file structure31.txt (compact mmCIF, N, CA and C atoms)
# COMPACT_ATOMS: atom_id res chain seq x y z
N MET A 709 45.53 -53.86 -5.66
CA MET A 709 45.56 -55.28 -5.90
C MET A 709 44.51 -55.95 -5.01
N THR A 710 43.69 -56.76 -5.60
CA THR A 710 42.65 -57.47 -4.87
C THR A 710 43.17 -58.86 -4.50
N ILE A 711 42.94 -59.25 -3.26
CA ILE A 711 43.34 -60.59 -2.82
C ILE A 711 42.07 -61.40 -2.61
N TYR A 712 41.98 -62.52 -3.30
CA TYR A 712 40.81 -63.38 -3.23
C TYR A 712 41.07 -64.52 -2.25
N SER A 713 40.01 -65.15 -1.77
CA SER A 713 40.18 -66.27 -0.83
C SER A 713 40.96 -67.40 -1.47
N ASP A 714 40.78 -67.61 -2.78
CA ASP A 714 41.53 -68.66 -3.47
C ASP A 714 43.02 -68.36 -3.46
N ASP A 715 43.37 -67.08 -3.60
CA ASP A 715 44.77 -66.69 -3.57
C ASP A 715 45.37 -66.91 -2.19
N LEU A 716 44.57 -66.68 -1.15
CA LEU A 716 45.05 -66.91 0.21
C LEU A 716 45.31 -68.39 0.46
N VAL A 717 44.46 -69.24 -0.06
CA VAL A 717 44.68 -70.68 0.06
C VAL A 717 45.96 -71.08 -0.64
N GLN A 718 46.18 -70.54 -1.82
CA GLN A 718 47.39 -70.85 -2.57
C GLN A 718 48.63 -70.39 -1.81
N LEU A 719 48.61 -69.18 -1.31
CA LEU A 719 49.75 -68.65 -0.57
C LEU A 719 50.00 -69.45 0.71
N THR A 720 48.94 -69.81 1.40
CA THR A 720 49.08 -70.60 2.62
C THR A 720 49.69 -71.96 2.33
N ASN A 721 49.25 -72.62 1.26
CA ASN A 721 49.83 -73.91 0.89
C ASN A 721 51.31 -73.77 0.57
N TRP A 722 51.66 -72.74 -0.16
CA TRP A 722 53.05 -72.53 -0.57
C TRP A 722 53.93 -72.29 0.66
N VAL A 723 53.53 -71.36 1.53
CA VAL A 723 54.33 -71.04 2.72
C VAL A 723 54.40 -72.23 3.67
N SER A 724 53.27 -72.89 3.89
CA SER A 724 53.26 -74.05 4.78
C SER A 724 54.14 -75.17 4.24
N GLY A 725 54.06 -75.40 2.95
CA GLY A 725 54.87 -76.45 2.33
C GLY A 725 56.36 -76.19 2.46
N LEU A 726 56.76 -74.96 2.17
CA LEU A 726 58.18 -74.63 2.27
C LEU A 726 58.65 -74.65 3.72
N SER A 727 57.80 -74.21 4.64
CA SER A 727 58.16 -74.24 6.06
C SER A 727 58.32 -75.68 6.55
N ALA A 728 57.39 -76.53 6.17
CA ALA A 728 57.48 -77.94 6.57
C ALA A 728 58.72 -78.59 5.98
N SER A 729 59.07 -78.24 4.75
CA SER A 729 60.28 -78.78 4.13
C SER A 729 61.52 -78.33 4.88
N ALA A 730 61.58 -77.05 5.21
CA ALA A 730 62.73 -76.52 5.94
C ALA A 730 62.85 -77.18 7.30
N PHE A 731 61.74 -77.33 7.99
CA PHE A 731 61.77 -77.98 9.30
C PHE A 731 62.20 -79.45 9.16
N GLY A 732 61.72 -80.12 8.14
CA GLY A 732 62.09 -81.51 7.91
C GLY A 732 63.57 -81.67 7.65
N ILE A 733 64.15 -80.79 6.85
CA ILE A 733 65.58 -80.83 6.58
C ILE A 733 66.37 -80.58 7.85
N TYR A 734 65.95 -79.58 8.62
CA TYR A 734 66.62 -79.30 9.89
C TYR A 734 66.54 -80.50 10.82
N ASP A 735 65.36 -81.10 10.90
CA ASP A 735 65.17 -82.24 11.80
C ASP A 735 66.02 -83.44 11.38
N ALA A 736 66.15 -83.63 10.07
CA ALA A 736 66.96 -84.76 9.58
C ALA A 736 68.45 -84.54 9.82
N VAL A 737 68.90 -83.29 9.72
CA VAL A 737 70.33 -83.01 9.82
C VAL A 737 70.77 -82.73 11.26
N ALA A 738 70.08 -81.83 11.94
CA ALA A 738 70.57 -81.36 13.24
C ALA A 738 69.58 -81.54 14.38
N GLY A 739 68.39 -81.96 14.07
CA GLY A 739 67.35 -82.03 15.10
C GLY A 739 67.47 -83.27 15.96
N SER A 740 66.60 -83.36 16.93
CA SER A 740 66.61 -84.49 17.85
C SER A 740 65.83 -85.69 17.32
N GLY A 741 65.12 -85.50 16.21
CA GLY A 741 64.32 -86.59 15.63
C GLY A 741 65.19 -87.53 14.81
N THR A 742 64.57 -88.55 14.29
CA THR A 742 65.30 -89.49 13.44
C THR A 742 65.40 -88.95 12.03
N VAL A 743 66.34 -89.46 11.28
CA VAL A 743 66.53 -89.02 9.90
C VAL A 743 65.28 -89.34 9.08
N SER A 744 64.69 -90.51 9.29
CA SER A 744 63.51 -90.88 8.50
C SER A 744 62.35 -89.94 8.78
N HIS A 745 62.19 -89.51 10.02
CA HIS A 745 61.12 -88.56 10.35
C HIS A 745 61.35 -87.24 9.62
N GLY A 746 62.58 -86.77 9.61
CA GLY A 746 62.89 -85.52 8.92
C GLY A 746 62.67 -85.61 7.43
N LEU A 747 63.02 -86.75 6.84
CA LEU A 747 62.83 -86.92 5.40
C LEU A 747 61.35 -86.99 5.03
N VAL A 748 60.56 -87.66 5.87
CA VAL A 748 59.12 -87.72 5.62
C VAL A 748 58.51 -86.32 5.71
N MET A 749 58.95 -85.55 6.71
CA MET A 749 58.45 -84.19 6.86
C MET A 749 58.85 -83.33 5.65
N THR A 750 60.07 -83.50 5.17
CA THR A 750 60.52 -82.77 3.99
C THR A 750 59.68 -83.13 2.77
N TYR A 751 59.45 -84.42 2.58
CA TYR A 751 58.64 -84.89 1.45
C TYR A 751 57.23 -84.30 1.51
N CYS A 752 56.62 -84.32 2.68
CA CYS A 752 55.26 -83.78 2.82
C CYS A 752 55.22 -82.28 2.51
N GLY A 753 56.23 -81.56 2.96
CA GLY A 753 56.29 -80.12 2.67
C GLY A 753 56.44 -79.84 1.19
N VAL A 754 57.30 -80.61 0.53
CA VAL A 754 57.48 -80.43 -0.92
C VAL A 754 56.18 -80.76 -1.65
N ALA A 755 55.51 -81.83 -1.23
CA ALA A 755 54.25 -82.21 -1.87
C ALA A 755 53.20 -81.11 -1.71
N LEU A 756 53.14 -80.50 -0.53
CA LEU A 756 52.18 -79.43 -0.28
C LEU A 756 52.50 -78.21 -1.15
N ALA A 757 53.77 -77.85 -1.24
CA ALA A 757 54.15 -76.71 -2.08
C ALA A 757 53.88 -77.02 -3.55
N TYR A 758 54.09 -78.25 -3.98
CA TYR A 758 53.85 -78.64 -5.36
C TYR A 758 52.37 -78.55 -5.73
N THR A 759 51.50 -78.89 -4.80
CA THR A 759 50.07 -78.85 -5.10
C THR A 759 49.57 -77.43 -5.31
N THR A 760 50.35 -76.44 -4.91
CA THR A 760 49.95 -75.06 -5.13
C THR A 760 49.79 -74.78 -6.62
N GLY A 761 50.68 -75.31 -7.44
CA GLY A 761 50.57 -75.14 -8.88
C GLY A 761 49.34 -75.83 -9.43
N SER A 762 49.02 -77.00 -8.89
CA SER A 762 47.82 -77.72 -9.31
C SER A 762 46.57 -76.92 -8.96
N PHE A 763 46.59 -76.27 -7.81
CA PHE A 763 45.46 -75.46 -7.39
C PHE A 763 45.26 -74.29 -8.35
N GLN A 764 46.36 -73.68 -8.79
CA GLN A 764 46.27 -72.58 -9.75
C GLN A 764 45.67 -73.06 -11.06
N ASP A 765 46.05 -74.25 -11.50
CA ASP A 765 45.47 -74.83 -12.71
C ASP A 765 43.97 -75.05 -12.55
N TYR A 766 43.56 -75.50 -11.35
CA TYR A 766 42.14 -75.70 -11.07
C TYR A 766 41.38 -74.38 -11.20
N LEU A 767 41.96 -73.29 -10.67
CA LEU A 767 41.29 -71.99 -10.77
C LEU A 767 41.14 -71.55 -12.22
N ARG A 768 42.17 -71.78 -13.02
CA ARG A 768 42.07 -71.41 -14.44
C ARG A 768 40.99 -72.21 -15.14
N ARG A 769 40.91 -73.51 -14.85
CA ARG A 769 39.87 -74.33 -15.47
C ARG A 769 38.48 -73.88 -15.03
N ARG A 770 38.34 -73.53 -13.75
CA ARG A 770 37.04 -73.07 -13.25
C ARG A 770 36.66 -71.75 -13.90
N ASP A 771 37.62 -70.82 -13.99
CA ASP A 771 37.34 -69.54 -14.64
C ASP A 771 36.98 -69.74 -16.11
N THR A 772 37.62 -70.70 -16.76
CA THR A 772 37.34 -70.99 -18.17
C THR A 772 35.91 -71.48 -18.33
N ARG A 773 35.43 -72.30 -17.40
CA ARG A 773 34.04 -72.77 -17.48
C ARG A 773 33.06 -71.61 -17.36
N VAL A 774 33.36 -70.66 -16.48
CA VAL A 774 32.49 -69.50 -16.31
C VAL A 774 32.51 -68.64 -17.58
N VAL A 775 33.70 -68.40 -18.13
CA VAL A 775 33.82 -67.60 -19.35
C VAL A 775 33.11 -68.28 -20.52
N ALA A 776 33.28 -69.59 -20.63
CA ALA A 776 32.63 -70.33 -21.72
C ALA A 776 31.11 -70.20 -21.62
N HIS A 777 30.57 -70.26 -20.42
CA HIS A 777 29.12 -70.10 -20.27
C HIS A 777 28.69 -68.69 -20.67
N LEU A 778 29.44 -67.69 -20.21
CA LEU A 778 29.08 -66.31 -20.52
C LEU A 778 29.22 -65.99 -22.00
N ALA A 779 30.12 -66.68 -22.70
CA ALA A 779 30.29 -66.46 -24.13
C ALA A 779 29.02 -66.85 -24.88
N GLY A 780 28.37 -67.90 -24.43
CA GLY A 780 27.15 -68.34 -25.10
C GLY A 780 25.88 -67.81 -24.48
N ASN A 781 25.98 -67.26 -23.29
CA ASN A 781 24.80 -66.79 -22.56
C ASN A 781 25.07 -65.44 -21.89
N PRO A 782 25.25 -64.38 -22.66
CA PRO A 782 25.49 -63.07 -22.03
C PRO A 782 24.27 -62.65 -21.21
N GLY A 783 24.54 -61.95 -20.13
CA GLY A 783 23.45 -61.49 -19.26
C GLY A 783 23.00 -62.53 -18.26
N SER A 784 23.80 -63.56 -18.04
CA SER A 784 23.45 -64.61 -17.07
C SER A 784 23.65 -64.12 -15.64
N SER A 785 22.82 -64.61 -14.76
CA SER A 785 22.95 -64.27 -13.34
C SER A 785 23.78 -65.35 -12.65
N LEU A 786 24.14 -65.09 -11.41
CA LEU A 786 24.93 -66.05 -10.63
C LEU A 786 24.25 -67.41 -10.54
N PRO A 787 22.96 -67.48 -10.19
CA PRO A 787 22.31 -68.79 -10.13
C PRO A 787 22.29 -69.53 -11.48
N GLN A 788 22.14 -68.78 -12.57
CA GLN A 788 22.14 -69.40 -13.89
C GLN A 788 23.51 -69.98 -14.23
N ILE A 789 24.56 -69.24 -13.90
CA ILE A 789 25.91 -69.73 -14.15
C ILE A 789 26.20 -70.97 -13.31
N CYS A 790 25.76 -70.94 -12.06
CA CYS A 790 25.95 -72.10 -11.17
C CYS A 790 25.24 -73.34 -11.72
N ALA A 791 24.03 -73.16 -12.16
CA ALA A 791 23.26 -74.28 -12.69
C ALA A 791 23.90 -74.85 -13.95
N ALA A 792 24.41 -73.98 -14.80
CA ALA A 792 24.99 -74.43 -16.07
C ALA A 792 26.36 -75.08 -15.89
N THR A 793 27.15 -74.59 -14.94
CA THR A 793 28.51 -75.11 -14.77
C THR A 793 28.59 -76.21 -13.72
N GLY A 794 27.58 -76.29 -12.85
CA GLY A 794 27.61 -77.28 -11.78
C GLY A 794 28.52 -76.88 -10.64
N LEU A 795 28.92 -75.61 -10.58
CA LEU A 795 29.81 -75.14 -9.52
C LEU A 795 29.00 -74.47 -8.41
N HIS A 796 29.53 -74.49 -7.20
CA HIS A 796 28.89 -73.85 -6.04
C HIS A 796 28.92 -72.34 -6.22
N LYS A 797 27.94 -71.65 -5.65
CA LYS A 797 27.83 -70.20 -5.83
C LYS A 797 29.04 -69.45 -5.28
N ASP A 798 29.66 -69.94 -4.21
CA ASP A 798 30.85 -69.28 -3.68
C ASP A 798 32.01 -69.35 -4.66
N ARG A 799 32.15 -70.49 -5.32
CA ARG A 799 33.24 -70.67 -6.30
C ARG A 799 32.99 -69.82 -7.54
N VAL A 800 31.75 -69.79 -8.01
CA VAL A 800 31.42 -68.96 -9.18
C VAL A 800 31.59 -67.49 -8.82
N GLY A 801 31.15 -67.11 -7.64
CA GLY A 801 31.30 -65.72 -7.20
C GLY A 801 32.76 -65.30 -7.15
N SER A 802 33.62 -66.19 -6.67
CA SER A 802 35.05 -65.90 -6.62
C SER A 802 35.62 -65.75 -8.04
N SER A 803 35.21 -66.64 -8.94
CA SER A 803 35.66 -66.53 -10.33
C SER A 803 35.17 -65.23 -10.96
N LEU A 804 33.91 -64.87 -10.72
CA LEU A 804 33.37 -63.64 -11.28
C LEU A 804 34.09 -62.41 -10.74
N GLN A 805 34.43 -62.42 -9.46
CA GLN A 805 35.19 -61.30 -8.89
C GLN A 805 36.54 -61.17 -9.57
N ARG A 806 37.23 -62.29 -9.72
CA ARG A 806 38.55 -62.29 -10.33
C ARG A 806 38.46 -61.83 -11.80
N LEU A 807 37.49 -62.37 -12.54
CA LEU A 807 37.34 -62.03 -13.96
C LEU A 807 36.91 -60.57 -14.15
N THR A 808 36.10 -60.07 -13.24
CA THR A 808 35.68 -58.67 -13.30
C THR A 808 36.86 -57.75 -13.00
N ALA A 809 37.65 -58.09 -11.99
CA ALA A 809 38.82 -57.28 -11.65
C ALA A 809 39.85 -57.29 -12.79
N ASP A 810 39.93 -58.39 -13.50
CA ASP A 810 40.86 -58.50 -14.63
C ASP A 810 40.32 -57.84 -15.90
N GLY A 811 39.07 -57.37 -15.86
CA GLY A 811 38.49 -56.69 -17.00
C GLY A 811 37.93 -57.59 -18.08
N LEU A 812 37.73 -58.85 -17.79
CA LEU A 812 37.19 -59.79 -18.77
C LEU A 812 35.67 -59.89 -18.73
N VAL A 813 35.10 -59.57 -17.57
CA VAL A 813 33.66 -59.70 -17.37
C VAL A 813 33.12 -58.38 -16.85
N LEU A 814 31.95 -58.00 -17.33
CA LEU A 814 31.25 -56.82 -16.83
C LEU A 814 30.07 -57.26 -15.99
N SER A 815 29.88 -56.57 -14.89
CA SER A 815 28.76 -56.83 -14.01
C SER A 815 27.72 -55.74 -14.22
N GLU A 816 26.50 -56.15 -14.53
CA GLU A 816 25.42 -55.19 -14.69
C GLU A 816 24.66 -55.13 -13.37
N ILE A 817 24.56 -53.95 -12.83
CA ILE A 817 24.05 -53.75 -11.48
C ILE A 817 22.63 -54.26 -11.33
N GLY A 818 22.41 -55.00 -10.24
CA GLY A 818 21.09 -55.48 -9.86
C GLY A 818 20.81 -55.07 -8.43
N ALA A 819 19.61 -55.31 -7.98
CA ALA A 819 19.23 -54.94 -6.61
C ALA A 819 20.06 -55.71 -5.58
N THR A 820 20.35 -56.96 -5.86
CA THR A 820 21.16 -57.78 -4.96
C THR A 820 22.25 -58.47 -5.78
N ALA A 821 23.21 -59.07 -5.08
CA ALA A 821 24.30 -59.76 -5.78
C ALA A 821 23.76 -60.89 -6.65
N ILE A 822 22.71 -61.55 -6.20
CA ILE A 822 22.15 -62.68 -6.95
C ILE A 822 21.42 -62.20 -8.21
N SER A 823 20.87 -61.00 -8.16
CA SER A 823 20.11 -60.51 -9.33
C SER A 823 20.98 -59.80 -10.37
N ARG A 824 22.27 -59.63 -10.09
CA ARG A 824 23.16 -59.04 -11.09
C ARG A 824 23.32 -59.97 -12.27
N SER A 825 23.54 -59.36 -13.40
CA SER A 825 23.82 -60.18 -14.58
C SER A 825 25.25 -59.87 -15.04
N TYR A 826 25.84 -60.84 -15.71
CA TYR A 826 27.23 -60.75 -16.12
C TYR A 826 27.35 -61.03 -17.61
N ARG A 827 28.31 -60.36 -18.22
CA ARG A 827 28.59 -60.61 -19.63
C ARG A 827 30.07 -60.36 -19.86
N LEU A 828 30.57 -60.90 -20.96
CA LEU A 828 31.96 -60.70 -21.32
C LEU A 828 32.15 -59.30 -21.88
N THR A 829 33.32 -58.73 -21.67
CA THR A 829 33.64 -57.44 -22.28
C THR A 829 33.91 -57.67 -23.76
N ARG A 830 33.85 -56.66 -24.53
CA ARG A 830 34.06 -56.80 -25.98
C ARG A 830 35.49 -56.51 -26.34

call {"tool": "encode", "arguments": {"input": "structure31.txt", "output": "structure tokens"}}
result
Amino acid sequence: MTIYSDDLVQLTNWVSGLSASAFGIYDAVAGSGTVSHGLVMTYCGVALAYTTGSFQDYLRRRDTRVVAHLAGNPGSSLPQICAATGLHKDRVGSSLQRLTADGLVLSEIGATAISRSYRLTR
């Protein structure tokens, strides 16, 4: 199983959100803080955990943009995909890694990572 930086961000948001919620509930019920402080902390933790799903949706939309470009332009390089999608090279690289690992995209070997070309699998 490959773990991508995007997945680590998602996991961190989820764990941090749930931890903050648990601490907020504890603080509101049994802690030395005020009830309003605990409730605010709980709300912030829930909001952080909730945004994890939104982040996953963002990744799917970003991957879809990369796939859509490759569908019309097989053999595109990383810089070409970046220029066409308007995404930063780190984000496109992460999407390409994920799509390649999932078997949706093939990487044709180049001398450097930037000179590789990518196409959809058949």

call {"tool": "residues_around", "arguments": {"input": "structure31.txt", "residues": "A:Val800", "least_positions_apart": "5", "cutoff": "8 Å", "atoms": "all atoms listed in the file", "output": "MDAnalysis selection string"}}
result
chainID A and resid 770 774 786 789:790 795 805:806

call {"tool": "atom_distance", "arguments": {"input": "structure31.txt", "atom1": "atom CA of A:Leu778", "atom2": "atom CA of A:Ala819"}}
result
20.5 Å

call {"tool": "select_by_dssp", "arguments": {"input": "structure31.txt", "residues": "chain A", "states": "strand (DSSP E or B)", "output": "list of chain:residue names"}}
result
A:Ser784, A:Ser785, A:Val813, A:Leu814, A:Ser815, A:Glu816, A:Ser825, A:Tyr826, A:Arg827, A:Leu828

call {"tool": "residues_around", "arguments": {"input": "structure31.txt", "residues": "A:Thr808", "least_positions_apart": "5", "cutoff": "12 Å", "atoms": "only C-alpha atoms", "output": "mmCIF file with N, CA and C atoms, keeping the file's coordinate frame"}}
result
data_model
loop_
_atom_site.group_PDB
_atom_site.id
_atom_site.type_symbol
_atom_site.label_atom_id
_atom_site.label_comp_id
_atom_site.auth_asym_id
_atom_site.auth_seq_id
_atom_site.Cartn_x
_atom_site.Cartn_y
_atom_site.Cartn_z
ATOM 1 N N THR A 710 43.690 -56.760 -5.600
ATOM 2 C CA THR A 710 42.650 -57.470 -4.870
ATOM 3 C C THR A 710 43.170 -58.860 -4.500
ATOM 4 N N ASP A 771 37.620 -70.820 -13.990
ATOM 5 C CA ASP A 771 37.340 -69.540 -14.640
ATOM 6 C C ASP A 771 36.980 -69.740 -16.110
ATOM 7 N N VAL A 774 33.360 -70.660 -16.480
ATOM 8 C CA VAL A 774 32.490 -69.500 -16.310
ATOM 9 C C VAL A 774 32.510 -68.640 -17.580
ATOM 10 N N VAL A 775 33.700 -68.400 -18.130
ATOM 11 C CA VAL A 775 33.820 -67.600 -19.350
ATOM 12 C C VAL A 775 33.110 -68.280 -20.520
ATOM 13 N N VAL A 800 31.750 -69.790 -8.010
ATOM 14 C CA VAL A 800 31.420 -68.960 -9.180
ATOM 15 C C VAL A 800 31.590 -67.490 -8.820
ATOM 16 N N GLY A 801 31.150 -67.110 -7.640
ATOM 17 C CA GLY A 801 31.300 -65.720 -7.200
ATOM 18 C C GLY A 801 32.760 -65.300 -7.150
ATOM 19 N N SER A 802 33.620 -66.190 -6.670
ATOM 20 C CA SER A 802 35.050 -65.900 -6.620
ATOM 21 C C SER A 802 35.620 -65.750 -8.040
ATOM 22 N N SER A 803 35.210 -66.640 -8.940
ATOM 23 C CA SER A 803 35.660 -66.530 -10.330
ATOM 24 C C SER A 803 35.170 -65.230 -10.960
ATOM 25 N N VAL A 813 35.100 -59.570 -17.570
ATOM 26 C CA VAL A 813 33.660 -59.700 -17.370
ATOM 27 C C VAL A 813 33.120 -58.380 -16.850
ATOM 28 N N LEU A 814 31.950 -58.000 -17.330
ATOM 29 C CA LEU A 814 31.250 -56.820 -16.830
ATOM 30 C C LEU A 814 30.070 -57.260 -15.990
ATOM 31 N N SER A 815 29.880 -56.570 -14.890
ATOM 32 C CA SER A 815 28.760 -56.830 -14.010
ATOM 33 C C SER A 815 27.720 -55.740 -14.220
ATOM 34 N N GLU A 816 26.500 -56.150 -14.530
ATOM 35 C CA GLU A 816 25.420 -55.190 -14.690
ATOM 36 C C GLU A 816 24.660 -55.130 -13.370
ATOM 37 N N TYR A 826 25.840 -60.840 -15.710
ATOM 38 C CA TYR A 826 27.230 -60.750 -16.120
ATOM 39 C C TYR A 826 27.350 -61.030 -17.610
ATOM 40 N N ARG A 827 28.310 -60.360 -18.220
ATOM 41 C CA ARG A 827 28.590 -60.610 -19.630
ATOM 42 C C ARG A 827 30.070 -60.360 -19.860
ATOM 43 N N LEU A 828 30.570 -60.900 -20.960
ATOM 44 C CA LEU A 828 31.960 -60.700 -21.320
ATOM 45 C C LEU A 828 32.150 -59.300 -21.880
ATOM 46 N N THR A 829 33.320 -58.730 -21.670
ATOM 47 C CA THR A 829 33.640 -57.440 -22.280
ATOM 48 C C THR A 829 33.910 -57.670 -23.760
#

call {"tool": "atom_distance", "arguments": {"input": "structure31.txt", "atom1": "atom C of A:Ala730", "atom2": "atom C of A:Tyr766"}}
result
28.5 Å

call {"tool": "atom_distance", "arguments": {"input": "structure31.txt", "atom1": "atom CA of A:Tyr751", "atom2": "atom CA of A:Arg769"}}
result
27.4 Å

call {"tool": "residues_around", "arguments": {"input": "structure31.txt", "residues": "A:Ile733", "least_positions_apart": "3", "cutoff": "7 Å", "atoms": "all atoms listed in the file", "output": "PDB file with N, CA and C atoms, in the frame of the given file"}}
result
ATOM      1  N   ALA A 728      57.390 -76.530   6.170  1.00  0.00           N
ATOM      2  CA  ALA A 728      57.480 -77.940   6.570  1.00  0.00           C
ATOM      3  C   ALA A 728      58.720 -78.590   5.980  1.00  0.00           C
ATOM      4  N   SER A 729      59.070 -78.240   4.750  1.00  0.00           N
ATOM      5  CA  SER A 729      60.280 -78.780   4.130  1.00  0.00           C
ATOM      6  C   SER A 729      61.520 -78.330   4.880  1.00  0.00           C
ATOM      7  N   ALA A 730      61.580 -77.050   5.210  1.00  0.00           N
ATOM      8  CA  ALA A 730      62.730 -76.520   5.940  1.00  0.00           C
ATOM      9  C   ALA A 730      62.850 -77.180   7.300  1.00  0.00           C
ATOM     10  N   ALA A 736      66.150 -83.630  10.070  1.00  0.00           N
ATOM     11  CA  ALA A 736      66.960 -84.760   9.580  1.00  0.00           C
ATOM     12  C   ALA A 736      68.450 -84.540   9.820  1.00  0.00           C
ATOM     13  N   VAL A 737      68.900 -83.290   9.720  1.00  0.00           N
ATOM     14  CA  VAL A 737      70.330 -83.010   9.820  1.00  0.00           C
ATOM     15  C   VAL A 737      70.770 -82.730  11.260  1.00  0.00           C
ATOM     16  N   ALA A 738      70.080 -81.830  11.940  1.00  0.00           N
ATOM     17  CA  ALA A 738      70.570 -81.360  13.240  1.00  0.00           C
ATOM     18  C   ALA A 738      69.580 -81.540  14.380  1.00  0.00           C
ATOM     19  N   GLY A 739      68.390 -81.960  14.070  1.00  0.00           N
ATOM     20  CA  GLY A 739      67.350 -82.030  15.100  1.00  0.00           C
ATOM     21  C   GLY A 739      67.470 -83.270  15.960  1.00  0.00           C
ATOM     22  N   GLY A 746      62.580 -86.770   9.610  1.00  0.00           N
ATOM     23  CA  GLY A 746      62.890 -85.520   8.920  1.00  0.00           C
ATOM     24  C   GLY A 746      62.670 -85.610   7.430  1.00  0.00           C
ATOM     25  N   LEU A 747      63.020 -86.750   6.840  1.00  0.00           N
ATOM     26  CA  LEU A 747      62.830 -86.920   5.400  1.00  0.00           C
ATOM     27  C   LEU A 747      61.350 -86.990   5.030  1.00  0.00           C
ATOM     28  N   MET A 749      58.950 -85.550   6.710  1.00  0.00           N
ATOM     29  CA  MET A 749      58.450 -84.190   6.860  1.00  0.00           C
ATOM     30  C   MET A 749      58.850 -83.330   5.650  1.00  0.00           C
ATOM     31  N   THR A 750      60.070 -83.500   5.170  1.00  0.00           N
ATOM     32  CA  THR A 750      60.520 -82.770   3.990  1.00  0.00           C
ATOM     33  C   THR A 750      59.680 -83.130   2.770  1.00  0.00           C
TER      34      THR A 750
END
